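Okay, input-v4.cif is below, mmCIF, C-alpha atoms:
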data_data
loop_
_atom_site.group_PDB
_atom_site.id
_atom_site.type_symbol
_atom_site.label_atom_id
_atom_site.label_comp_id
_atom_site.auth_asym_id
_atom_site.auth_seq_id
_atom_site.Cartn_x
_atom_site.Cartn_y
_atom_site.Cartn_z
ATOM 1 C CA MET S 27 64.834 -199.742 249.367
ATOM 2 C CA THR S 28 64.441 -197.839 252.591
ATOM 3 C CA ASN S 29 64.722 -194.092 252.910
ATOM 4 C CA THR S 30 67.975 -194.551 254.859
ATOM 5 C CA GLN S 31 69.427 -196.678 252.087
ATOM 6 C CA THR S 32 68.372 -194.154 249.488
ATOM 7 C CA GLN S 33 70.356 -191.451 251.256
ATOM 8 C CA GLU S 34 73.571 -193.447 251.651
ATOM 9 C CA LYS S 35 76.478 -192.568 249.392
ATOM 10 C CA ALA S 36 76.396 -194.224 245.987
ATOM 11 C CA THR S 37 78.844 -197.126 246.037
ATOM 12 C CA VAL S 38 78.360 -198.627 242.541
ATOM 13 C CA TRP S 39 77.791 -196.846 239.239
ATOM 14 C CA LEU S 40 78.388 -197.296 235.522
ATOM 15 C CA LYS S 41 79.856 -195.215 232.737
ATOM 16 C CA PRO S 42 77.705 -194.649 229.619
ATOM 17 C CA GLU S 43 79.734 -197.053 227.488
ATOM 18 C CA GLN S 44 79.181 -199.794 230.059
ATOM 19 C CA VAL S 45 75.423 -199.331 229.871
ATOM 20 C CA GLU S 46 75.642 -199.566 226.079
ATOM 21 C CA LYS S 47 77.540 -202.837 226.420
ATOM 22 C CA MET S 48 74.776 -204.162 228.661
ATOM 23 C CA ARG S 49 72.123 -203.216 226.138
ATOM 24 C CA SER S 50 74.037 -204.879 223.305
ATOM 25 C CA ALA S 51 74.553 -208.024 225.349
ATOM 26 C CA THR S 52 70.849 -208.136 226.191
ATOM 27 C CA VAL S 53 69.890 -208.027 222.531
ATOM 28 C CA GLU S 54 72.399 -210.743 221.659
ATOM 29 C CA ALA S 55 71.656 -213.081 224.572
ATOM 30 C CA SER S 56 67.854 -213.015 224.851
ATOM 31 C CA ALA S 57 64.998 -214.335 222.765
ATOM 32 C CA THR S 58 63.826 -211.571 220.431
ATOM 33 C CA TYR S 59 60.561 -210.886 222.236
ATOM 34 C CA LEU S 60 62.383 -210.524 225.548
ATOM 35 C CA ALA S 61 65.387 -208.724 224.086
ATOM 36 C CA THR S 62 63.330 -205.749 222.929
ATOM 37 C CA ARG S 63 61.655 -205.482 226.328
ATOM 38 C CA ASN S 64 64.902 -205.804 228.259
ATOM 39 C CA ASP S 65 66.695 -203.300 226.051
ATOM 40 C CA ALA S 66 63.851 -200.790 226.411
ATOM 41 C CA LEU S 67 63.735 -201.390 230.168
ATOM 42 C CA ILE S 68 67.452 -200.746 230.671
ATOM 43 C CA ALA S 69 67.341 -197.715 228.368
ATOM 44 C CA THR S 70 64.384 -196.257 230.257
ATOM 45 C CA LEU S 71 65.881 -196.828 233.703
ATOM 46 C CA TYR S 72 69.183 -195.282 232.643
ATOM 47 C CA ASP S 73 67.552 -192.286 230.971
ATOM 48 C CA SER S 74 64.867 -191.519 233.544
ATOM 49 C CA GLY S 75 66.467 -192.485 236.842
ATOM 50 C CA LEU S 76 63.287 -194.262 237.901
ATOM 51 C CA ARG S 77 63.322 -196.457 240.975
ATOM 52 C CA VAL S 78 62.355 -200.077 240.386
ATOM 53 C CA SER S 79 59.067 -199.709 242.250
ATOM 54 C CA GLU S 80 58.183 -196.754 240.037
ATOM 55 C CA ALA S 81 59.188 -198.477 236.812
ATOM 56 C CA ILE S 82 57.178 -201.642 237.358
ATOM 57 C CA ALA S 83 54.087 -199.612 238.299
ATOM 58 C CA LEU S 84 53.988 -197.817 234.934
ATOM 59 C CA ASP S 85 50.994 -198.423 232.674
ATOM 60 C CA VAL S 86 51.191 -197.745 228.951
ATOM 61 C CA ASP S 87 48.081 -195.606 228.566
ATOM 62 C CA ASP S 88 48.124 -193.840 231.923
ATOM 63 C CA HIS S 89 51.791 -192.970 232.364
ATOM 64 C CA LEU S 90 53.519 -192.950 228.972
ATOM 65 C CA ASP S 91 53.194 -190.208 226.341
ATOM 66 C CA LEU S 92 55.646 -190.892 223.546
ATOM 67 C CA ASP S 93 54.252 -188.087 221.366
ATOM 68 C CA ASP S 94 55.466 -185.610 223.970
ATOM 69 C CA GLY S 95 58.362 -187.851 225.000
ATOM 70 C CA VAL S 96 57.522 -187.980 228.707
ATOM 71 C CA ILE S 97 56.677 -190.320 231.524
ATOM 72 C CA ALA S 98 53.886 -188.864 233.653
ATOM 73 C CA LEU S 99 54.639 -190.209 237.104
ATOM 74 C CA PRO S 100 51.821 -189.736 239.659
ATOM 75 C CA ALA S 101 52.748 -188.553 243.123
ATOM 76 C CA ASP S 102 51.394 -191.723 244.718
ATOM 77 C CA LEU S 103 53.959 -193.830 242.830
ATOM 78 C CA GLN S 104 56.918 -191.735 243.980
ATOM 79 C CA LYS S 105 58.910 -192.338 247.115
ATOM 80 C CA ASP S 106 59.579 -188.898 248.581
ATOM 81 C CA TYR S 107 58.958 -186.377 245.803
ATOM 82 C CA PRO S 108 57.008 -184.305 244.884
ATOM 83 C CA THR S 109 56.214 -182.565 248.135
ATOM 84 C CA ASP S 110 52.807 -181.379 249.262
ATOM 85 C CA ARG S 111 53.432 -178.158 247.345
ATOM 86 C CA SER S 112 54.141 -179.932 244.071
ATOM 87 C CA PRO S 113 51.785 -181.024 241.248
ATOM 88 C CA SER S 114 49.941 -184.324 241.447
ATOM 89 C CA TYR S 115 52.402 -185.877 238.987
ATOM 90 C CA THR S 116 55.892 -185.296 237.643
ATOM 91 C CA GLU S 117 56.723 -185.242 233.933
ATOM 92 C CA ILE S 118 60.027 -186.984 233.257
ATOM 93 C CA GLU S 119 61.395 -186.033 229.847
ATOM 94 C CA LEU S 120 62.889 -188.847 227.810
ATOM 95 C CA ALA S 121 65.722 -188.649 225.313
ATOM 96 C CA ASP S 122 64.748 -189.074 221.656
ATOM 97 C CA GLU S 123 66.691 -192.333 221.466
ATOM 98 C CA THR S 124 64.783 -193.733 224.448
ATOM 99 C CA VAL S 125 61.479 -192.760 222.838
ATOM 100 C CA ARG S 126 62.489 -194.589 219.644
ATOM 101 C CA THR S 127 63.501 -197.664 221.641
ATOM 102 C CA LEU S 128 60.175 -197.667 223.493
ATOM 103 C CA ARG S 129 58.221 -197.268 220.246
ATOM 104 C CA MET S 130 60.009 -200.265 218.724
ATOM 105 C CA TYR S 131 59.359 -202.326 221.835
ATOM 106 C CA LEU S 132 55.668 -201.448 222.038
ATOM 107 C CA ALA S 133 55.139 -202.032 218.308
ATOM 108 C CA GLY S 134 56.204 -205.653 218.642
ATOM 109 C CA ARG S 135 55.231 -206.455 222.215
ATOM 110 C CA TRP S 136 54.229 -210.113 222.562
ATOM 111 C CA LYS S 137 51.721 -209.518 225.370
ATOM 112 C CA ASP S 138 48.991 -206.876 225.310
ATOM 113 C CA THR S 139 48.735 -205.770 228.934
ATOM 114 C CA THR S 140 48.022 -202.547 230.772
ATOM 115 C CA ALA S 141 51.472 -202.685 232.368
ATOM 116 C CA LEU S 142 54.385 -201.277 230.396
ATOM 117 C CA TRP S 143 56.639 -204.149 231.449
ATOM 118 C CA PRO S 144 54.976 -207.597 231.379
ATOM 119 C CA SER S 145 56.842 -210.781 232.233
ATOM 120 C CA ARG S 146 56.534 -214.236 230.772
ATOM 121 C CA GLN S 147 54.646 -215.432 233.842
ATOM 122 C CA ALA S 148 52.534 -212.374 234.676
ATOM 123 C CA ASP S 149 51.065 -209.192 233.257
ATOM 124 C CA ARG S 150 53.534 -207.080 235.231
ATOM 125 C CA MET S 151 57.201 -207.632 236.048
ATOM 126 C CA SER S 152 58.202 -207.921 239.682
ATOM 127 C CA THR S 153 61.035 -206.090 241.405
ATOM 128 C CA GLU S 154 63.042 -209.303 241.420
ATOM 129 C CA SER S 155 62.525 -209.913 237.713
ATOM 130 C CA VAL S 156 63.813 -206.427 236.876
ATOM 131 C CA ARG S 157 66.833 -207.041 239.094
ATOM 132 C CA ASN S 158 67.483 -210.284 237.242
ATOM 133 C CA VAL S 159 67.300 -208.575 233.850
ATOM 134 C CA VAL S 160 69.791 -205.897 234.875
ATOM 135 C CA ARG S 161 72.193 -208.300 236.592
ATOM 136 C CA ASP S 162 72.088 -210.788 233.716
ATOM 137 C CA ALA S 163 72.816 -208.009 231.222
ATOM 138 C CA ALA S 164 75.817 -206.883 233.262
ATOM 139 C CA VAL S 165 77.122 -210.435 233.522
ATOM 140 C CA ALA S 166 76.612 -211.096 229.801
ATOM 141 C CA ALA S 167 78.444 -207.866 228.967
ATOM 142 C CA ASP S 168 81.121 -208.571 231.605
ATOM 143 C CA VAL S 169 81.011 -204.976 232.815
ATOM 144 C CA ARG S 170 82.950 -204.128 235.956
ATOM 145 C CA PRO S 171 81.150 -201.183 237.536
ATOM 146 C CA MET S 172 82.865 -198.233 239.125
ATOM 147 C CA THR S 173 82.939 -198.360 242.920
ATOM 148 C CA VAL S 174 84.324 -196.264 245.730
ATOM 149 C CA ALA S 175 87.126 -198.845 246.020
ATOM 150 C CA GLY S 176 87.928 -199.069 242.302
ATOM 151 C CA ARG S 177 86.086 -201.689 240.246
ATOM 152 C CA GLY S 178 83.370 -204.128 241.191
ATOM 153 C CA ASP S 179 82.008 -207.333 239.699
ATOM 154 C CA PRO S 180 79.203 -207.645 237.122
ATOM 155 C CA GLU S 181 77.020 -209.248 239.795
ATOM 156 C CA ASP S 182 77.171 -205.978 241.758
ATOM 157 C CA VAL S 183 75.064 -204.181 239.126
ATOM 158 C CA THR S 184 71.432 -203.578 240.124
ATOM 159 C CA PRO S 185 68.625 -201.356 238.859
ATOM 160 C CA HIS S 186 69.647 -198.818 241.501
ATOM 161 C CA THR S 187 73.118 -198.835 239.958
ATOM 162 C CA LEU S 188 71.495 -197.431 236.822
ATOM 163 C CA ARG S 189 69.884 -194.691 238.918
ATOM 164 C CA HIS S 190 73.282 -193.786 240.379
ATOM 165 C CA SER S 191 74.684 -193.887 236.856
ATOM 166 C CA VAL S 192 72.271 -191.148 235.806
ATOM 167 C CA ALA S 193 73.912 -188.875 238.364
ATOM 168 C CA TYR S 194 77.381 -189.864 237.168
ATOM 169 C CA ARG S 195 76.432 -189.133 233.551
ATOM 170 C CA MET S 196 74.883 -185.778 234.376
ATOM 171 C CA LEU S 197 77.830 -184.614 236.492
ATOM 172 C CA ASN S 198 80.701 -186.021 234.442
ATOM 173 C CA VAL S 199 79.616 -186.513 230.820
ATOM 174 C CA GLU S 200 76.930 -183.951 230.060
ATOM 175 C CA ASP S 201 77.765 -180.266 230.184
ATOM 176 C CA GLY S 202 76.358 -177.697 232.562
ATOM 177 C CA ASN S 203 74.559 -179.859 235.093
ATOM 178 C CA THR S 204 74.675 -179.150 238.818
ATOM 179 C CA PHE S 205 73.529 -181.067 241.873
ATOM 180 C CA TYR S 206 70.279 -179.147 241.558
ATOM 181 C CA ASP S 207 69.699 -180.671 238.108
ATOM 182 C CA VAL S 208 70.497 -184.143 239.435
ATOM 183 C CA ARG S 209 68.140 -183.586 242.350
ATOM 184 C CA ASN S 210 65.324 -182.699 239.968
ATOM 185 C CA ARG S 211 66.007 -185.669 237.709
ATOM 186 C CA LEU S 212 66.157 -188.195 240.528
ATOM 187 C CA ARG S 213 63.417 -186.436 242.510
ATOM 188 C CA HIS S 214 65.134 -186.385 245.870
ATOM 189 C CA ALA S 215 63.273 -184.738 248.709
ATOM 190 C CA SER S 216 66.085 -182.223 249.192
ATOM 191 C CA LEU S 217 69.226 -180.917 247.526
ATOM 192 C CA GLN S 218 71.168 -181.978 250.623
ATOM 193 C CA THR S 219 70.250 -185.592 249.931
ATOM 194 C CA THR S 220 71.634 -185.337 246.401
ATOM 195 C CA GLU S 221 74.874 -183.772 247.577
ATOM 196 C CA ARG S 222 75.317 -186.363 250.313
ATOM 197 C CA VAL S 223 74.756 -189.294 247.966
ATOM 198 C CA TYR S 224 76.809 -188.036 245.017
ATOM 199 C CA ASP S 225 79.420 -185.533 246.120
ATOM 200 C CA HIS S 226 82.191 -188.144 245.752
ATOM 201 C CA ILE S 227 81.422 -188.861 242.085
ATOM 202 C CA ASP S 228 81.197 -185.215 241.039
ATOM 203 C CA ARG S 229 83.729 -184.700 238.213
ATOM 204 C CA VAL S 230 85.632 -187.920 238.910
#
Could you show the structure in this file as structure tokens?
Amino acid sequence: MTNTQTQEKATVWLKPEQVEKMRSATVEASATYLATRNDALIATLYDSGLRVSEAIALDVDDHLDLDDGVIALPADLQKDYPTDRSPSYTEIELADETVRTLRMYLAGRWKDTTALWPSRQADRMSTESVRNVVRDAAVAADVRPMTVAGRGDPEDVTPHTLRHSVAYRMLNVEDGNTFYDVRNRLRHASLQTTERVYDHIDRV
């Protein structure tokens, strides 16, 4: 994802109930050992707003603190935030439900690797494998995402759709959030970027 693409207006996003349908479909459609990983992956992406490149780079011991309920994301894994004036890493707070989902996943993980998200073929999932998990969950759940033109197709759903969906949830479902809060959650380089990308889904 290029910086220009990141700053384009969001064109596809999901409502919270659609994400829940994807998670349920993942659990029903996958082998148990993959279902727990895929469910935890979708839950984490939708809660944290992580980019795919950031998510697949996470290591269990170095970046995940479930006792404090945070992901500690080093600056060198982030695209354009923090700035030179910011700390060397960003703490991303996780919802209690996401922490529980991650604990269940890690307790029964079939492969003991440094990476948080292993694949069947490798110790760490690739960008493409994460995209496949998210798309397959959307197709299995038959969710039609929200788009600027109305409704899209399940195949339109990508990991970045979940990132856009964080902004939708914060602005339309949760109380009291502003573009500033969305900017901090998604770690945009500037508030102007957040407004440009999401002004059309504010309170829709």
Exercise for the section: Starting from the displayed file, determine the output of the PyMOL selection byres ((chain S and resi 180-194) around 8) and express the residue list as a VMD selection string. Expected result: chain S and resid 36 38 to 42 71 to 78 156 to 157 160 to 162 164 to 165 168 to 171 178 to 179 195 to 199 208 212 224 227 to 228
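Checking S:Leu90, S:Met172, S:Leu128, S:Ala98 one by one against Ala69 (chain S), counting all atoms listed in the file, you find the shortest gap at S:Leu128.
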Handout entry: Contacts of Glu221 (chain S) at 9 Å (only C-alpha atoms; same-chain gap of 4+ positions) as a PyMOL selection string
Key = chain S and resi 205-206+209+217+225-226
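Distance annotation: of S:Asn158, S:Thr124, S:Ser114, S:Thr140, the residue with the minimal separation from Leu92 (chain S) is S:Thr124; atom set is all atoms listed in the file.
Of the residues listed (S:Thr139, S:Gln44, S:Arg177, S:Asp207), S:Thr139 shows the shortest atom-to-atom separation from Met151 (chain S); distances use only C-alpha atoms.
You will find CA of Met130 (chain S) at 10.4 Å from CA of Asp65 (chain S).
Residue nearest Thr52 (chain S), chosen from S:Pro144, S:Ala83, S:Gln104, S:Ala166 and counting all atoms listed in the file: S:Ala166.
For the choices S:Asp122, S:Ser145, S:Thr204, S:Arg222, the atom-to-atom distance to Leu60 (chain S) is smallest for S:Ser145 when using only C-alpha atoms.
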Any chance you could work out the axis-aligned box around region 212-220 of chain S, listed atoms only, 4 Å on each side, giving centre and edge lengths in Å to one decimal, as AutoDock Vina command-line options?
--center_x 67.5 --center_y -184.6 --center_z 245.6 --size_x 16.4 --size_y 15.3 --size_z 18.1
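The spacing separating CA of Val223 (chain S) from CA of Thr173 (chain S) amounts to 13.2 Å.
Here CA of Ser50 (chain S) is placed at a distance of 28.8 Å from CA of Gly202 (chain S).
Remark: for Asp102 (chain S), the closest of the candidate residues S:Asp138, S:Glu80, S:Glu43, S:Asp87 is S:Glu80 (distances computed over all atoms listed in the file).
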I would like the residues chosen by the PyMOL selection byres ((chain S and resi 94) around 12) on the shown file; could you give them as a compact mmCIF listing (two decimals) with C-alpha atoms, in the coordinates of the input?
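See selection.txt below for the written result:
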# COMPACT_ATOMS: atom_id res chain seq x y z
CA HIS S 89 51.79 -192.97 232.36
CA LEU S 90 53.52 -192.95 228.97
CA ASP S 91 53.19 -190.21 226.34
CA LEU S 92 55.65 -190.89 223.55
CA ASP S 93 54.25 -188.09 221.37
CA GLY S 95 58.36 -187.85 225.00
CA VAL S 96 57.52 -187.98 228.71
CA ILE S 97 56.68 -190.32 231.52
CA ALA S 98 53.89 -188.86 233.65
CA GLU S 117 56.72 -185.24 233.93
CA ILE S 118 60.03 -186.98 233.26
CA GLU S 119 61.40 -186.03 229.85
CA LEU S 120 62.89 -188.85 227.81
CA ALA S 121 65.72 -188.65 225.31
CA ASP S 122 64.75 -189.07 221.66
CA VAL S 125 61.48 -192.76 222.84
Residue rebuild result region 119-148 of chain S, N, CA and C atoms as a PDB file, in the frame of the given file:
ATOM      1  N   GLU S 119      61.094-186.101 231.272  1.00  0.00           N
ATOM      2  CA  GLU S 119      61.395-186.033 229.847  1.00  0.00           C
ATOM      3  C   GLU S 119      62.354-187.155 229.459  1.00  0.00           C
ATOM      4  N   LEU S 120      62.063-187.761 228.316  1.00  0.00           N
ATOM      5  CA  LEU S 120      62.889-188.847 227.810  1.00  0.00           C
ATOM      6  C   LEU S 120      63.705-188.386 226.613  1.00  0.00           C
ATOM      7  N   ALA S 121      64.887-188.937 226.476  1.00  0.00           N
ATOM      8  CA  ALA S 121      65.722-188.649 225.313  1.00  0.00           C
ATOM      9  C   ALA S 121      65.066-189.225 224.060  1.00  0.00           C
ATOM     10  N   ASP S 122      65.336-188.614 222.912  1.00  0.00           N
ATOM     11  CA  ASP S 122      64.748-189.074 221.656  1.00  0.00           C
ATOM     12  C   ASP S 122      65.077-190.547 221.391  1.00  0.00           C
ATOM     13  N   GLU S 123      66.289-190.949 221.711  1.00  0.00           N
ATOM     14  CA  GLU S 123      66.691-192.333 221.466  1.00  0.00           C
ATOM     15  C   GLU S 123      65.890-193.288 222.342  1.00  0.00           C
ATOM     16  N   THR S 124      65.597-192.891 223.566  1.00  0.00           N
ATOM     17  CA  THR S 124      64.783-193.733 224.448  1.00  0.00           C
ATOM     18  C   THR S 124      63.360-193.832 223.921  1.00  0.00           C
ATOM     19  N   VAL S 125      62.820-192.740 223.422  1.00  0.00           N
ATOM     20  CA  VAL S 125      61.479-192.760 222.838  1.00  0.00           C
ATOM     21  C   VAL S 125      61.430-193.714 221.650  1.00  0.00           C
ATOM     22  N   ARG S 126      62.449-193.677 220.792  1.00  0.00           N
ATOM     23  CA  ARG S 126      62.489-194.589 219.644  1.00  0.00           C
ATOM     24  C   ARG S 126      62.567-196.045 220.108  1.00  0.00           C
ATOM     25  N   THR S 127      63.370-196.304 221.119  1.00  0.00           N
ATOM     26  CA  THR S 127      63.501-197.664 221.641  1.00  0.00           C
ATOM     27  C   THR S 127      62.175-198.159 222.215  1.00  0.00           C
ATOM     28  N   LEU S 128      61.477-197.294 222.936  1.00  0.00           N
ATOM     29  CA  LEU S 128      60.175-197.667 223.493  1.00  0.00           C
ATOM     30  C   LEU S 128      59.149-197.900 222.390  1.00  0.00           C
ATOM     31  N   ARG S 129      59.161-197.081 221.361  1.00  0.00           N
ATOM     32  CA  ARG S 129      58.221-197.268 220.246  1.00  0.00           C
ATOM     33  C   ARG S 129      58.443-198.625 219.577  1.00  0.00           C
ATOM     34  N   MET S 130      59.701-198.972 219.346  1.00  0.00           N
ATOM     35  CA  MET S 130      60.009-200.265 218.724  1.00  0.00           C
ATOM     36  C   MET S 130      59.547-201.415 219.611  1.00  0.00           C
ATOM     37  N   TYR S 131      59.787-201.282 220.895  1.00  0.00           N
ATOM     38  CA  TYR S 131      59.359-202.326 221.835  1.00  0.00           C
ATOM     39  C   TYR S 131      57.844-202.477 221.840  1.00  0.00           C
ATOM     40  N   LEU S 132      57.129-201.379 221.957  1.00  0.00           N
ATOM     41  CA  LEU S 132      55.668-201.448 222.038  1.00  0.00           C
ATOM     42  C   LEU S 132      55.046-201.926 220.726  1.00  0.00           C
ATOM     43  N   ALA S 133      55.685-201.618 219.604  1.00  0.00           N
ATOM     44  CA  ALA S 133      55.139-202.032 218.308  1.00  0.00           C
ATOM     45  C   ALA S 133      55.166-203.547 218.143  1.00  0.00           C
ATOM     46  N   GLY S 134      56.093-204.210 218.799  1.00  0.00           N
ATOM     47  CA  GLY S 134      56.204-205.653 218.642  1.00  0.00           C
ATOM     48  C   GLY S 134      56.005-206.430 219.927  1.00  0.00           C
ATOM     49  N   ARG S 135      55.394-205.802 220.919  1.00  0.00           N
ATOM     50  CA  ARG S 135      55.231-206.455 222.215  1.00  0.00           C
ATOM     51  C   ARG S 135      54.404-207.732 222.085  1.00  0.00           C
ATOM     52  N   TRP S 136      54.879-208.811 222.714  1.00  0.00           N
ATOM     53  CA  TRP S 136      54.229-210.113 222.562  1.00  0.00           C
ATOM     54  C   TRP S 136      53.004-210.266 223.445  1.00  0.00           C
ATOM     55  N   LYS S 137      52.838-209.395 224.431  1.00  0.00           N
ATOM     56  CA  LYS S 137      51.721-209.518 225.370  1.00  0.00           C
ATOM     57  C   LYS S 137      51.047-208.164 225.509  1.00  0.00           C
ATOM     58  N   ASP S 138      49.748-208.128 225.241  1.00  0.00           N
ATOM     59  CA  ASP S 138      48.991-206.876 225.310  1.00  0.00           C
ATOM     60  C   ASP S 138      48.430-206.714 226.719  1.00  0.00           C
ATOM     61  N   THR S 139      49.154-205.988 227.558  1.00  0.00           N
ATOM     62  CA  THR S 139      48.735-205.770 228.934  1.00  0.00           C
ATOM     63  C   THR S 139      48.717-204.278 229.236  1.00  0.00           C
ATOM     64  N   THR S 140      48.032-203.933 230.310  1.00  0.00           N
ATOM     65  CA  THR S 140      48.022-202.547 230.772  1.00  0.00           C
ATOM     66  C   THR S 140      49.410-202.110 231.192  1.00  0.00           C
ATOM     67  N   ALA S 141      50.141-203.006 231.859  1.00  0.00           N
ATOM     68  CA  ALA S 141      51.472-202.685 232.368  1.00  0.00           C
ATOM     69  C   ALA S 141      52.453-202.473 231.225  1.00  0.00           C
ATOM     70  N   LEU S 142      53.360-201.527 231.407  1.00  0.00           N
ATOM     71  CA  LEU S 142      54.385-201.277 230.396  1.00  0.00           C
ATOM     72  C   LEU S 142      55.343-202.451 230.287  1.00  0.00           C
ATOM     73  N   TRP S 143      55.631-203.083 231.442  1.00  0.00           N
ATOM     74  CA  TRP S 143      56.639-204.149 231.449  1.00  0.00           C
ATOM     75  C   TRP S 143      56.016-205.473 231.901  1.00  0.00           C
ATOM     76  N   PRO S 144      55.471-206.272 230.992  1.00  0.00           N
ATOM     77  CA  PRO S 144      54.976-207.597 231.379  1.00  0.00           C
ATOM     78  C   PRO S 144      56.132-208.591 231.480  1.00  0.00           C
ATOM     79  N   SER S 145      55.881-209.687 232.172  1.00  0.00           N
ATOM     80  CA  SER S 145      56.842-210.781 232.233  1.00  0.00           C
ATOM     81  C   SER S 145      56.254-211.982 231.515  1.00  0.00           C
ATOM     82  N   ARG S 146      57.052-213.023 231.406  1.00  0.00           N
ATOM     83  CA  ARG S 146      56.534-214.236 230.772  1.00  0.00           C
ATOM     84  C   ARG S 146      55.445-214.874 231.628  1.00  0.00           C
ATOM     85  N   GLN S 147      55.572-214.753 232.943  1.00  0.00           N
ATOM     86  CA  GLN S 147      54.646-215.432 233.842  1.00  0.00           C
ATOM     87  C   GLN S 147      53.458-214.576 234.267  1.00  0.00           C
ATOM     88  N   ALA S 148      53.574-213.257 234.147  1.00  0.00           N
ATOM     89  CA  ALA S 148      52.534-212.374 234.676  1.00  0.00           C
ATOM     90  C   ALA S 148      52.381-211.145 233.780  1.00  0.00           C
TER      91      ALA S 148
END
